[in-house]
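K.L.:
Compact mmCIF, C-alpha atoms, file structure-v9.txt:
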```txt
# COMPACT_ATOMS: atom_id res chain seq x y z
CA MET Y 14 -85.23 49.96 -36.01
CA LYS Y 15 -81.75 49.22 -34.69
CA ILE Y 16 -81.20 45.48 -34.39
CA TYR Y 17 -78.11 44.28 -32.52
CA LEU Y 18 -77.21 40.71 -33.50
CA ASP Y 19 -74.91 38.99 -31.05
CA ALA Y 20 -73.12 35.94 -32.40
CA GLY Y 21 -72.21 34.25 -29.12
CA HIS Y 22 -68.65 33.32 -28.09
CA GLY Y 23 -65.81 33.69 -30.63
CA GLY Y 24 -62.03 33.73 -30.73
CA SER Y 25 -60.53 32.02 -27.69
CA ASP Y 26 -64.04 31.08 -26.51
CA PRO Y 27 -65.42 28.41 -28.88
CA GLY Y 28 -68.60 27.88 -26.87
CA ALA Y 29 -70.17 24.44 -27.04
CA ALA Y 30 -68.67 21.80 -29.31
CA GLY Y 31 -69.64 18.40 -30.64
CA ASN Y 32 -69.93 16.27 -33.75
CA GLY Y 33 -67.21 18.24 -35.51
CA LEU Y 34 -68.91 21.61 -34.90
CA GLN Y 35 -68.12 24.63 -32.77
CA GLU Y 36 -70.85 26.90 -31.49
CA LYS Y 37 -68.92 30.08 -32.33
CA GLU Y 38 -68.86 29.14 -36.04
CA VAL Y 39 -72.48 28.08 -36.30
CA VAL Y 40 -73.90 31.19 -34.65
CA LEU Y 41 -71.68 33.60 -36.59
CA ASP Y 42 -72.96 32.04 -39.80
CA LEU Y 43 -76.54 32.46 -38.56
CA ALA Y 44 -75.93 36.12 -37.65
CA ILE Y 45 -74.50 36.91 -41.09
CA ARG Y 46 -77.43 35.19 -42.78
CA ILE Y 47 -79.91 37.15 -40.67
CA ARG Y 48 -78.15 40.41 -41.54
CA ARG Y 49 -78.29 39.56 -45.25
CA LEU Y 50 -82.01 38.81 -45.11
CA LEU Y 51 -82.67 42.04 -43.21
CA TYR Y 52 -81.17 44.06 -46.05
CA ASN Y 53 -84.57 43.56 -47.68
CA TYR Y 54 -86.19 45.69 -44.96
CA PRO Y 55 -85.24 49.39 -45.24
CA GLN Y 56 -86.46 50.21 -41.72
CA ALA Y 57 -83.93 47.82 -40.18
CA THR Y 58 -80.40 48.92 -39.31
CA VAL Y 59 -78.22 46.01 -38.20
CA LYS Y 60 -75.06 45.83 -36.14
CA LEU Y 61 -73.23 42.56 -35.41
CA SER Y 62 -71.30 42.03 -32.20
CA ARG Y 63 -68.66 40.35 -34.35
CA THR Y 64 -68.26 39.59 -38.04
CA THR Y 65 -65.20 37.36 -37.70
CA ASP Y 66 -63.77 34.83 -35.25
CA VAL Y 67 -62.64 37.29 -32.56
CA THR Y 68 -62.76 37.31 -28.77
CA LYS Y 69 -65.19 39.84 -27.32
CA SER Y 70 -66.33 40.13 -23.73
CA LEU Y 71 -69.96 40.05 -22.69
CA ARG Y 72 -69.58 43.53 -21.21
CA ALA Y 73 -68.20 44.88 -24.49
CA ARG Y 74 -71.20 43.49 -26.34
CA THR Y 75 -73.85 44.98 -24.07
CA ASN Y 76 -71.97 48.29 -23.77
CA GLU Y 77 -71.83 48.53 -27.55
CA ALA Y 78 -75.54 47.80 -27.96
CA ASN Y 79 -76.44 50.26 -25.21
CA SER Y 80 -74.25 53.04 -26.65
CA TRP Y 81 -75.65 52.45 -30.12
CA GLY Y 82 -79.21 52.72 -28.82
CA ALA Y 83 -80.38 49.37 -30.15
CA ASP Y 84 -84.09 48.58 -30.16
CA ILE Y 85 -83.45 44.88 -29.55
CA PHE Y 86 -80.52 42.69 -28.51
CA LEU Y 87 -80.75 39.26 -30.12
CA SER Y 88 -78.11 36.79 -28.94
CA LEU Y 89 -77.59 33.62 -30.96
CA HIS Y 90 -76.34 30.39 -29.39
CA CYS Y 91 -76.31 26.59 -29.61
CA ASN Y 92 -76.76 24.33 -26.60
CA ALA Y 93 -74.94 21.30 -25.20
CA PHE Y 94 -75.65 18.97 -22.32
CA ASN Y 95 -75.19 15.22 -22.24
CA GLY Y 96 -75.44 14.20 -25.88
CA ARG Y 97 -79.07 13.12 -25.44
CA ALA Y 98 -80.93 16.42 -25.00
CA ARG Y 99 -82.05 18.26 -28.13
CA GLY Y 100 -84.34 21.02 -29.29
CA TYR Y 101 -84.90 24.78 -29.45
CA GLU Y 102 -85.46 27.17 -26.56
CA ASP Y 103 -85.10 30.89 -25.89
CA PHE Y 104 -84.55 33.09 -22.85
CA VAL Y 105 -85.40 36.54 -21.52
CA TYR Y 106 -84.26 38.16 -18.26
CA ASN Y 107 -85.82 36.50 -15.23
CA LYS Y 108 -86.63 39.75 -13.39
CA LEU Y 109 -88.60 41.53 -16.09
CA PRO Y 110 -91.75 43.41 -15.04
CA ARG Y 111 -94.95 41.55 -15.80
CA GLY Y 112 -95.93 43.81 -18.71
CA ALA Y 113 -92.48 44.20 -20.26
CA ALA Y 114 -92.44 44.38 -24.06
CA THR Y 115 -89.66 41.79 -24.07
CA ARG Y 116 -92.12 39.11 -22.98
CA SER Y 117 -94.40 39.66 -25.97
CA TYR Y 118 -91.35 39.85 -28.26
CA GLN Y 119 -90.25 36.46 -26.95
CA VAL Y 120 -93.65 34.93 -27.69
CA THR Y 121 -93.55 36.20 -31.28
CA LEU Y 122 -89.99 35.12 -31.96
CA HIS Y 123 -90.43 31.76 -30.26
CA GLU Y 124 -93.44 30.86 -32.36
CA LYS Y 125 -91.72 31.77 -35.62
CA VAL Y 126 -88.52 29.86 -34.88
CA ARG Y 127 -89.90 26.75 -33.21
CA ARG Y 128 -92.38 26.18 -36.06
CA ALA Y 129 -89.72 26.53 -38.74
CA ILE Y 130 -86.61 24.66 -37.71
CA GLY Y 131 -87.84 21.11 -37.25
CA ILE Y 132 -86.47 20.20 -33.81
CA PRO Y 133 -88.28 19.63 -30.50
CA ASN Y 134 -89.64 22.68 -28.69
CA ARG Y 135 -88.14 23.13 -25.22
CA GLY Y 136 -90.18 26.24 -24.52
CA MET Y 137 -89.80 29.88 -23.52
CA LYS Y 138 -87.55 30.35 -20.50
CA GLN Y 139 -86.05 32.99 -18.25
CA ALA Y 140 -82.49 33.40 -16.93
CA ASN Y 141 -80.09 35.85 -15.35
CA PHE Y 142 -77.62 35.87 -18.26
CA HIS Y 143 -75.40 38.95 -18.57
CA VAL Y 144 -76.60 39.92 -22.05
CA LEU Y 145 -80.22 39.78 -20.90
CA ARG Y 146 -79.63 41.60 -17.63
CA GLU Y 147 -77.25 44.36 -18.79
CA SER Y 148 -78.95 45.35 -22.05
CA ASN Y 149 -80.97 48.55 -21.83
CA MET Y 150 -83.29 47.37 -24.57
CA PRO Y 151 -85.43 44.23 -24.93
CA ALA Y 152 -83.08 41.25 -25.14
CA ILE Y 153 -83.67 37.65 -26.21
CA LEU Y 154 -81.21 34.78 -26.31
CA THR Y 155 -81.98 31.84 -28.61
CA GLU Y 156 -80.51 28.34 -28.25
CA ASN Y 157 -80.75 26.81 -31.71
CA GLY Y 158 -80.37 23.12 -31.03
CA PHE Y 159 -77.89 20.95 -29.13
CA ILE Y 160 -74.55 20.75 -30.86
CA ASP Y 161 -73.63 17.54 -29.00
CA HIS Y 162 -76.78 15.70 -30.12
CA PRO Y 163 -76.22 13.80 -33.38
CA GLU Y 164 -79.60 14.70 -34.92
CA ASP Y 165 -79.41 18.40 -34.10
CA ALA Y 166 -75.78 18.51 -35.21
CA LYS Y 167 -76.66 16.84 -38.50
CA LEU Y 168 -79.08 19.66 -39.19
CA MET Y 169 -76.58 22.33 -38.13
CA LYS Y 170 -74.20 21.12 -40.81
CA GLN Y 171 -76.79 21.77 -43.53
CA THR Y 172 -76.74 25.13 -45.30
CA ALA Y 173 -80.46 24.89 -46.01
CA TRP Y 174 -81.24 24.39 -42.32
CA ARG Y 175 -79.12 27.35 -41.27
CA GLU Y 176 -80.90 29.50 -43.83
CA LYS Y 177 -84.24 28.31 -42.47
CA VAL Y 178 -83.23 29.21 -38.91
CA ALA Y 179 -82.03 32.64 -40.02
CA ALA Y 180 -85.24 33.28 -41.97
CA ALA Y 181 -87.35 32.29 -38.95
CA HIS Y 182 -85.52 34.82 -36.77
CA VAL Y 183 -86.09 37.46 -39.43
CA ASP Y 184 -89.79 36.58 -39.63
CA GLY Y 185 -90.00 37.14 -35.89
CA LEU Y 186 -88.27 40.52 -36.11
CA VAL Y 187 -90.48 41.54 -39.02
CA GLU Y 188 -93.61 40.82 -36.99
CA ILE Y 189 -92.28 42.43 -33.82
CA PHE Y 190 -91.32 45.70 -35.50
CA LYS Y 191 -93.84 45.65 -38.39
CA LEU Y 192 -91.03 45.86 -40.94
CA LYS Y 193 -91.88 46.36 -44.60
CA LYS Y 194 -89.89 44.98 -47.51
CA ALA Y 195 -88.13 47.26 -49.94
CA VAL Y 196 -90.15 48.33 -52.95
CA SER Y 197 -89.54 46.68 -56.31
CA PRO Y 198 -87.54 48.81 -58.74
CA SER Y 199 -90.07 51.19 -60.26
CA LYS Y 200 -90.44 54.77 -61.36
CA GLY Y 201 -90.12 57.24 -58.56
CA GLY Y 202 -88.00 54.93 -56.39
CA TYR Y 203 -84.37 55.19 -55.33
CA GLN Y 204 -81.98 52.45 -56.39
CA LEU Y 205 -78.77 51.62 -54.54
CA ILE Y 206 -76.15 50.88 -57.20
CA ALA Y 207 -72.86 49.06 -56.66
CA GLY Y 208 -71.48 49.86 -60.10
CA SER Y 209 -72.32 50.14 -63.80
CA PHE Y 210 -70.16 48.27 -66.29
CA ALA Y 211 -69.83 48.08 -70.04
CA LYS Y 212 -68.86 44.42 -69.78
CA GLN Y 213 -71.41 42.03 -68.30
CA SER Y 214 -68.58 39.87 -66.91
CA ASN Y 215 -67.39 42.79 -64.76
CA ALA Y 216 -70.89 43.32 -63.43
CA LYS Y 217 -71.17 39.61 -62.60
CA ALA Y 218 -67.83 39.76 -60.80
CA ARG Y 219 -69.12 42.64 -58.65
CA GLN Y 220 -72.28 40.66 -57.93
CA VAL Y 221 -70.17 37.71 -56.78
CA LEU Y 222 -68.11 40.02 -54.52
CA LEU Y 223 -71.29 41.32 -52.93
CA THR Y 224 -72.54 37.77 -52.44
CA THR Y 225 -69.37 36.88 -50.52
CA ARG Y 226 -70.20 39.79 -48.21
CA GLN Y 227 -73.72 38.41 -47.78
CA ILE Y 228 -75.23 41.32 -49.76
CA PRO Y 229 -77.84 40.22 -52.33
CA ALA Y 230 -77.70 42.04 -55.68
CA THR Y 231 -79.04 41.76 -59.21
CA VAL Y 232 -77.54 42.74 -62.56
CA LYS Y 233 -79.76 44.70 -64.94
CA GLN Y 234 -78.98 45.71 -68.51
CA VAL Y 235 -79.76 49.39 -69.11
CA SER Y 236 -79.19 51.98 -71.82
CA VAL Y 237 -77.15 55.05 -70.81
CA ASN Y 238 -76.77 57.73 -73.50
CA GLY Y 239 -77.35 55.08 -76.14
CA LYS Y 240 -74.73 52.76 -74.67
CA THR Y 241 -75.54 49.37 -73.16
CA MET Y 242 -74.45 49.13 -69.53
CA HIS Y 243 -74.81 46.44 -66.89
CA ARG Y 244 -75.94 47.91 -63.60
CA VAL Y 245 -75.46 46.11 -60.25
CA ILE Y 246 -78.50 46.88 -58.08
CA ILE Y 247 -78.50 46.13 -54.36
CA GLY Y 248 -82.01 47.39 -53.68
CA ALA Y 249 -84.76 49.87 -54.47
CA TYR Y 250 -86.29 52.11 -51.81
CA SER Y 251 -89.28 54.41 -51.52
CA SER Y 252 -87.31 57.42 -50.20
CA ARG Y 253 -83.82 58.84 -50.53
CA THR Y 254 -83.42 58.86 -46.73
CA ILE Y 255 -83.95 55.11 -46.54
CA ALA Y 256 -81.58 54.52 -49.46
CA GLU Y 257 -78.93 56.71 -47.80
CA ASN Y 258 -79.22 54.76 -44.55
CA LYS Y 259 -78.66 51.51 -46.47
CA ARG Y 260 -75.72 53.06 -48.33
CA LYS Y 261 -74.05 53.90 -45.00
CA GLN Y 262 -74.60 50.38 -43.65
CA ILE Y 263 -73.01 48.80 -46.70
CA LEU Y 264 -70.12 51.29 -46.68
CA GLN Y 265 -69.20 49.87 -43.26
CA LEU Y 266 -68.52 46.59 -45.08
CA GLY Y 267 -66.11 48.32 -47.45
CA ILE Y 268 -68.51 48.47 -50.41
CA GLU Y 269 -68.90 51.82 -52.23
CA THR Y 270 -72.35 52.49 -53.68
CA PHE Y 271 -74.33 55.39 -55.11
CA ILE Y 272 -78.01 56.30 -55.16
CA LEU Y 273 -79.87 56.68 -58.41
CA ARG Y 274 -83.37 58.11 -58.81
CA ASP Y 275 -85.43 55.88 -61.09
CA ASN Y 276 -87.42 58.52 -62.93
```
Write the structure described by the file as structure tokens, please.
P.N.:
Amino acid sequence: MKIYLDAGHGGSDPGAAGNGLQEKEVVLDLAIRIRRLLYNYPQATVKLSRTTDVTKSLRARTNEANSWGADIFLSLHCNAFNGRARGYEDFVYNKLPRGAATRSYQVTLHEKVRRAIGIPNRGMKQANFHVLRESNMPAILTENGFIDHPEDAKLMKQTAWREKVAAAHVDGLVEIFKLKKAVSPSKGGYQLIAGSFAKQSNAKARQVLLTTRQIPATVKQVSVNGKTMHRVIIGAYSSRTIAENKRKQILQLGIETFILRDN
């Protein structure tokens, strides 16, 4: 499944602002967290509309998702109004056919997010937003709290809350697309390795580097030709094809890896 994550605004467009926060920063952080969590699901291939604080037009975002052939366009935002409104809501295109898959996707995602993030539920809504209208695939836009409300903003500043919001979005995507987690390292699987080191400190340094790129990894001590090595494992997968797809995704982030059959 190709999942296009759109971190709203960016660059010269900060989006909403309030209580020392800017929407463009909050939603980029959410997008990166969602991508990291989705690494655990081999069926999911993820593309972000932006990975840094850059300006990107709405047309460029939808054109990119359309050209890529995404299966869903998920646009992440925060709201603002008068400093008194608060809560979570999400939107789909207001001219969808009655039986459109997007409507059922919205129900699933809405339930997962609104139950998890601990702010008032403002409901499922419809709108004529560009990213909803011009995407060829099902598209949902989520508004994750009001940045100008002190209580919502207080939550937005918390790392644990952001992780909870990201995980709720992932839970929705997992249910929508019936995604399965990667297998645990075991015989017959394919491990994605980001390096093997004689010194444990070097392996730990590589693990830290991966963490800064939002790529979870573990360090495992192994014996290679009678020599103790420290292997940095990003994941274990049931087939070489799945492992190769993950290798290509991570290569786009500038991280070289190799695939090892766990016999």
K.L.:
What's around Asp165 in chain Y at 10 Å? Count only C-alpha atoms, leave out sequence neighbours fewer than 4 positions away in its own chain, and write the answer as a PyMOL selection string.
P.N.:
chain Y and resi 32+91-92+98-101+131-133+157-161+169-170
K.L.:
Could you name the residues that touch Leu273 in chain Y at 10 Å or less, counting all atoms listed in the file, but leaving out those on the same chain fewer than 3 positions away, as a list in words?
P.N.:
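Here the answer would be Gly202, Tyr203, Gln204, Leu205, Ile206, Ile246, Ala249, Arg253, Ala256, Thr270 and Asn276 of chain Y.
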K.L.:
Produce the centre coordinates and the three edge lengths, each in Å to one decimal, of the box along x, y and z that contains all listed atoms of range 58-76 of chain Y with 8 Å added on each side, as lines of an AutoDock Vina configuration file.
P.N.:
```
center_x = -71.5
center_y = 41.9
center_z = -30.3
size_x = 33.8
size_y = 30.1
size_z = 34.1
```
K.L.:
Could you state the separation of CA of Thr155 in chain Y and CA of Tyr52 in chain Y in Å, given to one decimal place?
P.N.:
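According to the coordinates, CA of Thr155 in chain Y and CA of Tyr52 in chain Y are separated by 21.3 Å.
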K.L.:
Return the single residue from Y:Lys191, Y:Arg219, Y:Lys15, Y:Arg127 that is closest to His243 in chain Y, with distances computed using only C-alpha atoms.
P.N.:
Y:Arg219
K.L.:
Kindly extract all protein, DNA and RNA residues lying within 12 Å of the coordinates (-66.3, 39.2, -24.0) given in the file, considering all atoms listed in the file, and supply them as a ChimeraX atom specification.
P.N.:
/Y:19-28,62-63,67-77,143-144
K.L.:
Store the residues picked out above in a file with C-alpha atoms, as a PDB file, in the frame of the given file.
P.N.:
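File written: part-v9.pdb
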```pdb
ATOM      1  CA  ASP Y  19     -74.910  38.990 -31.050  1.00  0.00           C
ATOM      2  CA  ALA Y  20     -73.120  35.940 -32.400  1.00  0.00           C
ATOM      3  CA  GLY Y  21     -72.210  34.250 -29.120  1.00  0.00           C
ATOM      4  CA  HIS Y  22     -68.650  33.320 -28.090  1.00  0.00           C
ATOM      5  CA  GLY Y  23     -65.810  33.690 -30.630  1.00  0.00           C
ATOM      6  CA  GLY Y  24     -62.030  33.730 -30.730  1.00  0.00           C
ATOM      7  CA  SER Y  25     -60.530  32.020 -27.690  1.00  0.00           C
ATOM      8  CA  ASP Y  26     -64.040  31.080 -26.510  1.00  0.00           C
ATOM      9  CA  PRO Y  27     -65.420  28.410 -28.880  1.00  0.00           C
ATOM     10  CA  GLY Y  28     -68.600  27.880 -26.870  1.00  0.00           C
ATOM     11  CA  SER Y  62     -71.300  42.030 -32.200  1.00  0.00           C
ATOM     12  CA  ARG Y  63     -68.660  40.350 -34.350  1.00  0.00           C
ATOM     13  CA  VAL Y  67     -62.640  37.290 -32.560  1.00  0.00           C
ATOM     14  CA  THR Y  68     -62.760  37.310 -28.770  1.00  0.00           C
ATOM     15  CA  LYS Y  69     -65.190  39.840 -27.320  1.00  0.00           C
ATOM     16  CA  SER Y  70     -66.330  40.130 -23.730  1.00  0.00           C
ATOM     17  CA  LEU Y  71     -69.960  40.050 -22.690  1.00  0.00           C
ATOM     18  CA  ARG Y  72     -69.580  43.530 -21.210  1.00  0.00           C
ATOM     19  CA  ALA Y  73     -68.200  44.880 -24.490  1.00  0.00           C
ATOM     20  CA  ARG Y  74     -71.200  43.490 -26.340  1.00  0.00           C
ATOM     21  CA  THR Y  75     -73.850  44.980 -24.070  1.00  0.00           C
ATOM     22  CA  ASN Y  76     -71.970  48.290 -23.770  1.00  0.00           C
ATOM     23  CA  GLU Y  77     -71.830  48.530 -27.550  1.00  0.00           C
ATOM     24  CA  HIS Y 143     -75.400  38.950 -18.570  1.00  0.00           C
ATOM     25  CA  VAL Y 144     -76.600  39.920 -22.050  1.00  0.00           C
TER      26      VAL Y 144
END
```
K.L.:
Write out as JSON lines the residues of range 101-205 of chain Y that have any atom within 7 Å of an atom of range 39-47 of chain Y, one row each with the nearest atom pair and its distance in Å to one decimal, counting all atoms listed in the file, sorted by chain and then rising number.
P.N.:
```
{"residue": "Y:Arg175", "atom": "CA", "partner": "Y:Leu43", "partner_atom": "CA", "distance": 6.3}
{"residue": "Y:Glu176", "atom": "CA", "partner": "Y:Arg46", "partner_atom": "CA", "distance": 6.7}
{"residue": "Y:Ala179", "atom": "CA", "partner": "Y:Ile47", "partner_atom": "CA", "distance": 5.0}
{"residue": "Y:Ala180", "atom": "CA", "partner": "Y:Ile47", "partner_atom": "CA", "distance": 6.7}
{"residue": "Y:Val183", "atom": "CA", "partner": "Y:Ile47", "partner_atom": "CA", "distance": 6.3}
```
K.L.:
CA of Lys194 in chain Y and CA of Leu50 in chain Y, how far apart in Å?
P.N.:
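That distance, rounded to one decimal, is 10.3 Å.
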K.L.:
Take CA of Lys193 in chain Y and CA of Ile85 in chain Y and report the distance between them in Å, one decimal.
P.N.:
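CA of Lys193 in chain Y sits 17.3 Å away from CA of Ile85 in chain Y.
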K.L.:
Pick from Y:Ile189, Y:Leu34, Y:Ala230, Y:Ala207: nearest to Ala114 in chain Y, with all atoms listed in the file counted?
P.N.:
Y:Ile189
K.L.:
Under the rule that all atoms listed in the file are counted, which of Y:Gly82, Y:Ser209, Y:His123, Y:Gln227 is the nearest residue to Val178 in chain Y?
P.N.:
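So, comparing all the options, the nearest one is Y:His123.
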